[in-house]
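J.: File run.txt below, compact mmCIF, C-alpha atoms:
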```txt
# COMPACT_ATOMS: atom_id res chain seq x y z
CA MET T 210 -7.09 2.34 3.88
CA SER T 211 -8.69 3.96 6.81
CA ARG T 212 -8.45 7.31 5.10
CA ALA T 213 -9.87 10.22 2.60
CA ALA T 214 -1.32 10.27 -6.60
CA ASP T 215 8.72 2.07 -13.08
CA LEU T 216 8.71 -0.24 -15.74
CA PRO T 217 10.66 -3.57 -14.67
CA ASP T 218 8.47 -4.74 -11.74
CA LEU T 219 7.38 -3.69 -14.82
CA PRO T 220 -1.49 6.64 -16.87
CA ASP T 221 -17.79 13.27 -8.38
CA GLN T 222 -18.24 11.46 -5.42
CA PRO T 223 -20.04 13.38 -2.65
CA ALA T 224 -17.95 13.87 0.47
CA PRO T 225 -17.69 10.52 2.28
CA PRO T 226 -19.27 10.14 5.71
CA ALA T 227 -17.09 10.31 8.78
CA ARG T 228 -15.00 7.19 9.32
CA ARG T 229 -16.49 6.60 12.74
CA LEU T 230 -19.51 5.27 10.85
CA LEU T 231 -17.26 2.56 9.46
CA LEU T 232 -16.69 0.91 12.83
CA LYS T 233 -20.35 1.23 13.71
CA GLY T 234 -21.39 -0.30 10.40
CA ALA T 235 -18.78 -3.03 10.44
CA LEU T 236 -19.69 -4.19 13.91
CA ALA T 237 -23.38 -4.05 13.15
CA ALA T 238 -22.90 -6.24 10.09
CA GLY T 239 -20.85 -8.83 11.94
CA ALA T 240 -19.03 -6.70 12.09
CA LEU T 241 -4.15 -8.93 -0.55
CA ALA T 242 2.18 -8.45 -8.62
CA ALA T 243 5.25 -7.73 -8.80
CA ALA T 244 7.30 -10.69 -9.90
CA THR T 245 9.03 -11.10 -6.51
CA PRO T 246 8.45 -9.57 -3.09
CA VAL T 247 8.22 -5.86 -3.48
CA ALA T 248 11.39 -4.00 -4.35
CA ALA T 249 13.18 -6.65 -6.37
CA HIS T 250 16.71 -5.51 -7.11
CA ALA T 251 17.10 -4.59 -10.76
CA THR T 252 20.38 -4.16 -12.53
CA ALA T 253 21.28 -0.56 -13.27
CA PRO T 254 22.42 0.16 -16.83
CA ALA T 255 26.18 0.44 -17.12
CA GLY T 256 27.46 3.96 -16.80
CA ARG T 257 24.31 5.45 -15.30
CA PRO T 258 25.23 8.65 -13.45
CA LYS T 259 24.56 8.98 -9.75
CA ALA T 260 20.99 10.08 -9.19
CA ALA T 261 20.11 13.41 -7.66
CA PRO T 262 18.76 13.56 -4.11
CA TYR T 263 15.05 12.86 -3.85
CA VAL T 264 12.90 15.93 -3.37
CA ASN T 265 9.89 15.60 -1.10
CA PRO T 266 6.99 15.68 -1.41
CA LEU T 267 7.52 13.52 -4.47
CA VAL T 268 3.89 13.59 -5.65
CA ARG T 269 1.42 15.93 -4.02
CA ASN T 270 -2.13 14.93 -3.05
CA ARG T 271 -1.59 11.24 -3.66
CA ALA T 272 -2.02 8.91 -0.69
CA ASP T 273 -1.38 5.17 -0.31
CA PRO T 274 1.39 5.28 -2.93
CA HIS T 275 2.64 2.27 -4.83
CA ILE T 276 5.85 2.48 -6.89
CA THR T 277 7.32 -0.49 -8.70
CA ARG T 278 10.41 -0.62 -10.92
CA HIS T 279 9.89 -2.90 -13.87
CA THR T 280 12.55 -4.71 -15.91
CA ASP T 281 12.29 -2.12 -18.70
CA GLY T 282 13.84 0.49 -16.40
CA PHE T 283 10.68 2.50 -15.74
CA TYR T 284 9.21 3.31 -12.37
CA TYR T 285 5.42 2.91 -12.32
CA PHE T 286 3.36 4.88 -9.83
CA THR T 287 -0.25 4.65 -8.70
CA ALA T 288 -1.99 5.93 -5.57
CA THR T 289 -5.29 7.04 -4.10
CA ALA T 290 -6.67 10.22 -5.66
CA PRO T 291 -8.43 12.37 -3.02
CA GLU T 292 -11.71 12.30 -4.96
CA TYR T 293 -11.79 8.51 -4.51
CA ASP T 294 -13.24 8.09 -8.01
CA ARG T 295 -10.50 6.76 -10.34
CA ILE T 296 -7.23 4.86 -10.74
CA VAL T 297 -4.28 6.82 -12.05
CA LEU T 298 -0.90 5.78 -13.43
CA ARG T 299 2.44 7.55 -14.02
CA ARG T 300 5.86 6.39 -15.12
CA SER T 301 9.38 7.76 -15.23
CA ARG T 302 12.97 6.58 -15.69
CA THR T 303 13.79 8.12 -12.30
CA LEU T 304 12.00 8.38 -8.99
CA ASN T 305 12.29 12.17 -9.00
CA GLY T 306 10.72 12.24 -12.44
CA LEU T 307 7.45 10.81 -11.15
CA GLY T 308 6.53 14.15 -9.61
CA ALA T 309 6.28 15.89 -13.00
CA ALA T 310 5.30 12.83 -15.06
CA ALA T 311 2.05 12.94 -17.00
CA GLU T 312 -0.76 11.15 -15.22
CA SER T 313 -3.23 8.91 -17.05
CA VAL T 314 -6.59 7.75 -15.77
CA ILE T 315 -6.68 4.06 -16.65
CA TRP T 316 -10.02 3.26 -14.96
CA ARG T 317 -12.94 5.19 -13.44
CA ALA T 318 -15.49 4.29 -10.80
CA HIS T 319 -18.82 2.95 -12.00
CA PRO T 320 -21.68 5.48 -11.85
CA THR T 321 -23.87 2.92 -10.05
CA GLY T 322 -23.47 -0.49 -8.45
CA ASP T 323 -20.24 -2.26 -7.52
CA MET T 324 -16.96 -0.36 -7.72
CA GLY T 325 -18.85 2.92 -7.59
CA ALA T 326 -17.34 4.63 -4.52
CA HIS T 327 -14.28 4.83 -2.27
CA ILE T 328 -11.71 3.81 -4.88
CA TRP T 329 -8.77 3.34 -2.53
CA ALA T 330 -5.16 2.14 -2.41
CA PRO T 331 -4.46 0.68 -5.86
CA GLU T 332 -1.34 -1.43 -6.31
CA MET T 333 -0.03 -2.55 -9.72
CA HIS T 334 1.87 -5.84 -9.94
CA ARG T 335 3.28 -7.85 -12.86
CA VAL T 336 2.41 -11.55 -12.51
CA ASP T 337 3.21 -14.17 -15.17
CA GLY T 338 3.34 -11.61 -17.98
CA THR T 339 0.14 -9.74 -17.05
CA TRP T 340 -0.35 -6.50 -15.15
CA TYR T 341 -2.80 -6.62 -12.24
CA ILE T 342 -4.18 -3.78 -10.16
CA TYR T 343 -5.56 -4.59 -6.71
CA PHE T 344 -7.77 -1.91 -5.20
CA ALA T 345 -10.61 -1.30 -2.77
CA ALA T 346 -14.06 -0.11 -3.79
CA ALA T 347 -17.64 0.00 -2.56
CA PRO T 348 -21.03 0.05 -4.26
CA ALA T 349 -22.18 3.55 -5.18
CA GLU T 350 -25.29 2.94 -3.08
CA ASP T 351 -23.48 1.52 -0.02
CA VAL T 352 -20.19 3.40 0.23
CA TRP T 353 -18.85 1.61 3.33
CA ALA T 354 -19.37 -1.92 1.95
CA ILE T 355 -15.77 -1.85 0.79
CA ARG T 356 -14.24 -4.96 -0.77
CA ILE T 357 -11.11 -5.92 -2.78
CA TRP T 358 -11.28 -5.88 -6.59
CA VAL T 359 -8.85 -6.73 -9.41
CA LEU T 360 -8.13 -5.32 -12.88
CA ALA T 361 -5.92 -7.10 -15.44
CA ASN T 362 -4.09 -5.95 -18.58
CA SER T 363 -2.13 -8.43 -20.72
CA HIS T 364 -0.34 -5.73 -22.76
CA ALA T 365 3.37 -5.28 -22.00
CA ASP T 366 2.74 -1.53 -21.68
CA PRO T 367 0.14 -0.87 -18.92
CA PHE T 368 -0.75 2.47 -20.56
CA ARG T 369 -1.96 0.50 -23.57
CA GLY T 370 -4.14 -2.55 -24.03
CA THR T 371 -7.39 -3.05 -22.15
CA TRP T 372 -7.91 -3.14 -18.40
CA VAL T 373 -10.37 -5.97 -17.73
CA GLU T 374 -12.35 -6.24 -14.51
CA LYS T 375 -11.58 -9.65 -13.01
CA GLY T 376 -14.03 -9.18 -10.16
CA GLN T 377 -13.96 -9.26 -6.39
CA ILE T 378 -11.46 -11.30 -4.43
CA LYS T 379 -13.63 -13.53 -2.28
CA THR T 380 -12.44 -13.90 1.29
CA ALA T 381 -13.92 -15.91 4.15
CA TRP T 382 -16.46 -13.23 5.02
CA GLU T 383 -18.37 -10.48 3.26
CA THR T 384 -17.02 -7.75 5.55
CA PHE T 385 -15.08 -4.52 5.20
CA SER T 386 -11.81 -5.42 3.42
CA LEU T 387 -9.14 -3.46 1.58
CA ASP T 388 -5.41 -2.80 1.03
CA ALA T 389 -4.51 -6.00 -0.82
CA THR T 390 -0.92 -6.68 -1.80
CA THR T 391 0.58 -9.74 -3.46
CA PHE T 392 4.03 -11.30 -3.28
CA ALA T 393 5.67 -14.57 -4.25
CA HIS T 394 8.02 -16.61 -2.09
CA ARG T 395 9.65 -19.89 -3.09
CA GLY T 396 7.16 -20.65 -5.82
CA THR T 397 4.01 -19.77 -3.89
CA ARG T 398 2.01 -16.60 -4.44
CA TYR T 399 0.32 -14.96 -1.47
CA LEU T 400 -2.19 -12.21 -0.86
CA ALA T 401 -2.01 -10.06 2.27
CA TRP T 402 -4.81 -7.65 3.08
CA ALA T 403 -6.80 -5.92 5.83
CA GLN T 404 -10.27 -7.06 6.85
CA HIS T 405 -12.79 -6.83 9.67
CA GLU T 406 -13.36 -10.18 11.33
CA PRO T 407 -16.93 -10.77 12.49
CA GLY T 408 -17.28 -10.62 16.24
CA MET T 409 -13.96 -8.81 16.80
CA ASP T 410 -13.86 -5.42 18.49
CA ASN T 411 -11.61 -3.83 15.87
CA ASN T 412 -11.80 -2.21 12.47
CA THR T 413 -9.33 -4.41 10.60
CA ALA T 414 -6.63 -7.02 11.11
CA ILE T 415 -3.99 -8.23 8.63
CA TRP T 416 -4.69 -11.52 6.85
CA LEU T 417 -2.66 -13.85 4.62
CA SER T 418 -3.71 -16.52 2.12
CA GLU T 419 -2.13 -18.50 -0.68
CA MET T 420 -3.51 -17.81 -4.16
CA ALA T 421 -4.85 -20.17 -6.80
CA SER T 422 -4.66 -17.37 -9.39
CA PRO T 423 -3.88 -13.64 -9.25
CA TRP T 424 -7.54 -12.98 -8.38
CA THR T 425 -8.49 -16.14 -6.42
CA LEU T 426 -7.54 -17.31 -2.95
CA THR T 427 -7.02 -20.93 -2.00
CA GLY T 428 -6.85 -22.76 1.31
CA PRO T 429 -7.23 -21.09 4.70
CA GLN T 430 -6.76 -17.41 5.46
CA VAL T 431 -4.81 -16.70 8.64
CA ARG T 432 -4.69 -13.63 10.84
CA LEU T 433 -1.13 -12.30 11.24
CA THR T 434 -1.80 -9.28 13.43
CA THR T 435 -4.73 -7.54 15.08
CA PRO T 436 -4.66 -4.16 16.85
CA GLU T 437 -3.57 -5.00 20.38
CA TYR T 438 -1.18 -2.25 21.48
CA ASP T 439 -2.31 1.21 22.47
CA TRP T 440 -0.49 2.77 19.50
CA GLU T 441 -2.56 0.61 17.14
CA ARG T 442 -5.88 1.72 18.59
CA ILE T 443 -5.80 5.54 18.67
CA GLY T 444 -9.00 6.80 17.13
CA PHE T 445 -9.69 3.45 15.49
CA ALA T 446 -8.45 -0.10 16.08
CA VAL T 447 -6.66 -0.55 12.77
CA ASN T 448 -4.04 -2.76 11.18
CA GLU T 449 -4.00 -2.13 7.40
CA GLY T 450 -1.81 -1.48 4.35
CA PRO T 451 0.50 -4.54 4.52
CA TYR T 452 3.59 -4.73 2.29
CA VAL T 453 6.42 -7.28 2.12
CA LEU T 454 10.16 -6.91 1.63
CA HIS T 455 12.46 -9.99 1.43
CA ARG T 456 15.98 -9.22 2.64
CA ASN T 457 18.78 -10.74 4.70
CA GLY T 458 17.15 -14.14 5.14
CA ARG T 459 13.88 -12.71 6.40
CA LEU T 460 10.54 -11.39 5.20
CA PHE T 461 9.56 -8.03 6.64
CA MET T 462 5.88 -7.08 6.51
CA THR T 463 5.08 -3.47 7.29
CA TYR T 464 1.57 -2.31 8.08
CA SER T 465 -0.14 0.86 9.25
CA ALA T 466 -2.11 1.45 12.44
CA SER T 467 -4.56 3.83 14.16
CA ALA T 468 -6.59 6.67 12.68
CA THR T 469 -5.42 8.52 9.56
CA ASP T 470 -4.50 11.73 11.40
CA HIS T 471 -1.12 12.39 13.07
CA ASN T 472 -1.56 9.15 15.05
CA TYR T 473 -1.17 7.04 11.91
CA CYS T 474 2.06 5.05 12.10
CA MET T 475 3.77 1.88 10.89
CA GLY T 476 4.27 -1.48 12.56
CA LEU T 477 6.43 -4.43 11.54
CA LEU T 478 6.14 -8.22 11.35
CA THR T 479 9.20 -10.40 10.68
CA ALA T 480 9.42 -14.02 9.49
CA ASP T 481 12.39 -16.24 8.72
CA GLU T 482 12.57 -17.02 5.00
CA ASP T 483 12.58 -20.76 5.77
CA SER T 484 9.50 -20.63 7.99
CA ASP T 485 5.93 -21.56 7.17
CA LEU T 486 4.47 -18.18 6.24
CA MET T 487 0.93 -19.48 6.76
CA ASP T 488 1.69 -20.16 10.42
CA PRO T 489 1.01 -16.96 12.39
CA ALA T 490 3.60 -18.07 14.92
CA SER T 491 6.27 -17.60 12.22
CA TRP T 492 5.71 -13.84 12.30
CA ALA T 493 7.26 -11.85 15.17
CA LYS T 494 5.55 -8.53 15.85
CA SER T 495 7.37 -5.41 16.99
CA PRO T 496 5.81 -4.17 20.24
CA VAL T 497 6.52 -0.55 19.24
CA PRO T 498 5.85 1.34 16.00
CA VAL T 499 8.79 1.56 13.59
CA PHE T 500 7.85 4.81 11.79
CA THR T 501 5.91 7.67 13.37
CA SER T 502 5.06 11.37 13.12
CA ASN T 503 7.94 13.74 13.83
CA ASP T 504 7.60 17.30 15.12
CA THR T 505 11.20 18.20 14.22
CA THR T 506 10.79 17.36 10.53
CA GLU T 507 7.13 18.42 10.57
CA GLN T 508 5.80 15.24 8.99
CA TYR T 509 2.61 13.72 10.35
CA GLY T 510 0.76 10.45 9.92
CA PRO T 511 3.39 8.55 7.89
CA GLY T 512 2.14 5.24 6.61
CA HIS T 513 0.60 3.04 3.96
CA ASN T 514 4.04 2.38 2.60
CA CYS T 515 5.63 0.22 -0.05
CA PHE T 516 9.24 -0.36 -1.05
CA THR T 517 11.08 0.08 -4.32
CA VAL T 518 14.73 0.16 -5.34
CA ALA T 519 16.86 3.17 -6.29
CA GLU T 520 18.29 3.83 -9.74
CA ASP T 521 21.50 2.07 -8.72
CA GLY T 522 19.55 -1.19 -8.49
CA ARG T 523 20.83 -1.81 -4.95
CA THR T 524 19.56 0.81 -2.52
CA ASP T 525 16.18 0.07 -0.99
CA VAL T 526 13.76 2.99 -0.92
CA LEU T 527 10.87 3.55 1.48
CA VAL T 528 7.73 5.00 -0.14
CA TYR T 529 4.93 6.36 2.03
CA HIS T 530 2.49 9.22 2.48
CA ALA T 531 2.37 11.91 5.17
CA ARG T 532 0.88 15.31 5.84
CA GLN T 533 2.82 18.52 6.52
CA TYR T 534 0.67 19.57 9.48
CA LYS T 535 -0.86 18.00 12.56
CA GLU T 536 -4.16 19.81 13.01
CA ILE T 537 -6.96 18.84 10.59
CA ASP T 538 -10.36 20.43 10.23
CA GLY T 539 -13.07 17.77 10.19
CA ASP T 540 -12.66 14.12 9.25
CA PRO T 541 -9.10 13.27 8.13
CA LEU T 542 -10.64 11.25 5.30
CA ASN T 543 -11.81 14.50 3.74
CA ASP T 544 -8.39 16.16 3.93
CA PRO T 545 -6.61 15.79 0.54
CA ASN T 546 -3.10 16.71 1.65
CA ARG T 547 -1.46 13.36 2.15
CA HIS T 548 1.53 13.53 -0.19
CA THR T 549 3.72 10.74 -1.57
CA ARG T 550 7.21 10.78 -0.10
CA VAL T 551 10.39 8.69 -0.55
CA GLN T 552 13.62 8.21 1.35
CA PRO T 553 16.45 5.63 1.42
CA LEU T 554 15.79 2.66 3.68
CA ARG T 555 18.74 1.93 5.96
CA TRP T 556 19.69 -1.37 7.56
CA LYS T 557 20.81 -2.20 11.08
CA PRO T 558 23.84 -4.41 11.79
CA ASP T 559 21.52 -7.29 12.62
CA GLY T 560 19.98 -7.13 9.13
CA SER T 561 16.67 -5.58 10.15
CA PRO T 562 15.35 -2.38 8.55
CA ASP T 563 16.14 1.00 10.08
CA PHE T 564 13.27 3.27 9.07
CA GLY T 565 14.57 6.37 10.83
CA VAL T 566 12.14 9.30 10.82
CA PRO T 567 10.07 10.82 8.01
CA VAL T 568 12.43 13.34 6.48
CA ALA T 569 11.72 17.05 6.18
CA ASP T 570 10.53 18.66 2.96
CA GLY T 571 13.17 19.25 0.28
CA PRO T 572 16.12 17.17 -0.98
CA THR T 573 16.92 14.05 0.98
CA GLY T 574 19.54 11.33 0.57
CA GLN T 575 20.85 10.12 -2.75
CA GLY T 576 18.83 8.35 -5.39
CA ALA T 577 21.73 6.08 -6.23
```
Take the structure in the file and give it back as structure tokens.
T.:
Amino acid sequence: MSRAADLPDLPDQPAPPARRLLLKGALAAGALAAATPVAAHATAPAGRPKAAPYVNPLVRNRADPHITRHTDGFYYFTATAPEYDRIVLRRSRTLNGLGAAAESVIWRAHPTGDMGAHIWAPEMHRVDGTWYIYFAAAPAEDVWAIRIWVLANSHADPFRGTWVEKGQIKTAWETFSLDATTFAHRGTRYLAWAQHEPGMDNNTAIWLSEMASPWTLTGPQVRLTTPEYDWERIGFAVNEGPYVLHRNGRLFMTYSASATDHNYCMGLLTADEDSDLMDPASWAKSPVPVFTSNDTTEQYGPGHNCFTVAEDGRTDVLVYHARQYKEIDGDPLNDPNRHTRVQPLRWKPDGSPDFGVPVADGPTGQGA
């Protein structure tokens, strides 16, 4: 997160320094569950009425949103809190209900040492009967030394039981890394994440590795995309926030690019479901962004998305954050007004996703 709030897939830091210090520090130093990929289709209970239109913003002041629908019929929600000091969790039987749902703090940053600052972009996934939360954090004394960390809870209800710190996910280098997501495909579990590669003139690229356990990588890690197009390098050279959706014989990996102001946008990688996912050549990259700011709807900097499924159990839903204005005073990381938003994800005749534009505030589309 280059930045500043379901059960079947089934609760004070000082102001951070300007993000431009991140690139300087990274270069000076040498310078990724749900049971199946993302929005697994769940079966809607018989006789469920058609859901009301979604109302945006869905959850205010919550960036990097992650919503998963678990097999118990609840939607679970977590996201980055603008204070960067805790992990929060909500749940509701409906997507709209997440906006007013009670929010629980299930973990807080350490006062000193590791996991003491920049608590960013949590994702909660159910893997082999255990809940896991992947998130980014830095030591309290070195707030830009951000790495990927994991919490685990074996209780069926993630609001209960004990969240245990499983430690840092060790990648090939001890460099700036964040935005981990996990998915399974044909019996293999993967982690995708963003990391700075030593010697590269960028902030972060997107990486993929197989996993030996939900908190351990195995085998090589491969780079799937690095910022190469102009639209990926505005303000900062960033590819981050990967997320995977398996549909229509293909795997679609979205990611976010550029600085976290109105230039923030989404890119797309596509792989055939029969391909070797660990071969970068299997992933085709869109040369243009697939989701961008829109002056007509007055939504700016859409990104760091995930996918879930509507109450009907069939309609895919795009989840993302955006701001309601373009001009920002100071560093965008210090602006708290990135709100969680949702809208139906459409599909093109060729089976690829049609993201459209970030919709205007108010009711949009049908929940089911």
J.: Which one is closest to Thr434 in chain T: T:Thr397, T:Asn543, T:Gln552, T:Gln404? Count all atoms listed in the file.
T.: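 Among the listed residues, the smallest separation from Thr434 in chain T belongs to T:Gln404.
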J.: For a quick check of understanding, using only C-alpha atoms, which of T:Asp570, T:Asp470, T:Asp559, T:Glu406 has the smallest distance to Glu536 in chain T?
T.: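 Among T:Asp570, T:Asp470, T:Asp559, T:Glu406, it is T:Asp470 that comes nearest to Glu536 in chain T.
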J.: Could you jot down the CA of Ala288 in chain T to CA of Cys515 in chain T separation for me, Å, one decimal place?
T.: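 So the answer is 11.0 Å.
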J.: Report as a PDB file with C-alpha atoms, keeping the file's coordinate frame all protein, DNA and RNA residues lying within 7 Å of range 262-276 of chain T, evaluated on only C-alpha atoms, omitting residues in the same chain fewer than 5 positions from it.
T.:
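Output file part.pdb is given in full below:
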```pdb
ATOM      1  CA  ALA T 214      -1.320  10.270  -6.600  1.00  0.00           C
ATOM      2  CA  ASP T 215       8.720   2.070 -13.080  1.00  0.00           C
ATOM      3  CA  TYR T 284       9.210   3.310 -12.370  1.00  0.00           C
ATOM      4  CA  TYR T 285       5.420   2.910 -12.320  1.00  0.00           C
ATOM      5  CA  PHE T 286       3.360   4.880  -9.830  1.00  0.00           C
ATOM      6  CA  THR T 287      -0.250   4.650  -8.700  1.00  0.00           C
ATOM      7  CA  ALA T 288      -1.990   5.930  -5.570  1.00  0.00           C
ATOM      8  CA  THR T 289      -5.290   7.040  -4.100  1.00  0.00           C
ATOM      9  CA  ALA T 290      -6.670  10.220  -5.660  1.00  0.00           C
ATOM     10  CA  PRO T 291      -8.430  12.370  -3.020  1.00  0.00           C
ATOM     11  CA  ASN T 305      12.290  12.170  -9.000  1.00  0.00           C
ATOM     12  CA  GLY T 308       6.530  14.150  -9.610  1.00  0.00           C
ATOM     13  CA  ALA T 330      -5.160   2.140  -2.410  1.00  0.00           C
ATOM     14  CA  GLU T 332      -1.340  -1.430  -6.310  1.00  0.00           C
ATOM     15  CA  HIS T 513       0.600   3.040   3.960  1.00  0.00           C
ATOM     16  CA  ASN T 514       4.040   2.380   2.600  1.00  0.00           C
ATOM     17  CA  CYS T 515       5.630   0.220  -0.050  1.00  0.00           C
ATOM     18  CA  THR T 517      11.080   0.080  -4.320  1.00  0.00           C
ATOM     19  CA  VAL T 528       7.730   5.000  -0.140  1.00  0.00           C
ATOM     20  CA  TYR T 529       4.930   6.360   2.030  1.00  0.00           C
ATOM     21  CA  HIS T 530       2.490   9.220   2.480  1.00  0.00           C
ATOM     22  CA  PRO T 545      -6.610  15.790   0.540  1.00  0.00           C
ATOM     23  CA  ASN T 546      -3.100  16.710   1.650  1.00  0.00           C
ATOM     24  CA  ARG T 547      -1.460  13.360   2.150  1.00  0.00           C
ATOM     25  CA  HIS T 548       1.530  13.530  -0.190  1.00  0.00           C
ATOM     26  CA  THR T 549       3.720  10.740  -1.570  1.00  0.00           C
ATOM     27  CA  ARG T 550       7.210  10.780  -0.100  1.00  0.00           C
ATOM     28  CA  VAL T 551      10.390   8.690  -0.550  1.00  0.00           C
ATOM     29  CA  ASP T 570      10.530  18.660   2.960  1.00  0.00           C
ATOM     30  CA  GLY T 571      13.170  19.250   0.280  1.00  0.00           C
ATOM     31  CA  PRO T 572      16.120  17.170  -0.980  1.00  0.00           C
ATOM     32  CA  THR T 573      16.920  14.050   0.980  1.00  0.00           C
ATOM     33  CA  GLY T 574      19.540  11.330   0.570  1.00  0.00           C
ATOM     34  CA  GLN T 575      20.850  10.120  -2.750  1.00  0.00           C
ATOM     35  CA  GLY T 576      18.830   8.350  -5.390  1.00  0.00           C
TER      36      GLY T 576
END
```
J.: I need the residue nearest Phe500 in chain T from this list: T:Phe564, T:Ile537, T:Ser467, T:Ala446. Use all atoms listed in the file for the distance.
T.: T:Phe564
J.: With only C-alpha atoms as the basis for distance, which of T:Val314, T:Val447, T:Val518, T:Ala493 is at the shortest distance from Pro553 in chain T?
T.: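 Looking at the shortest contact to Pro553 in chain T, the residue is T:Val518.
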J.: My list of candidates is T:Val352, T:Leu554, T:Leu387, T:Leu304. Which is closest to Gly282 in chain T when distances are computed with only C-alpha atoms?
T.: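 Among the listed residues, the smallest separation from Gly282 in chain T belongs to T:Leu304.
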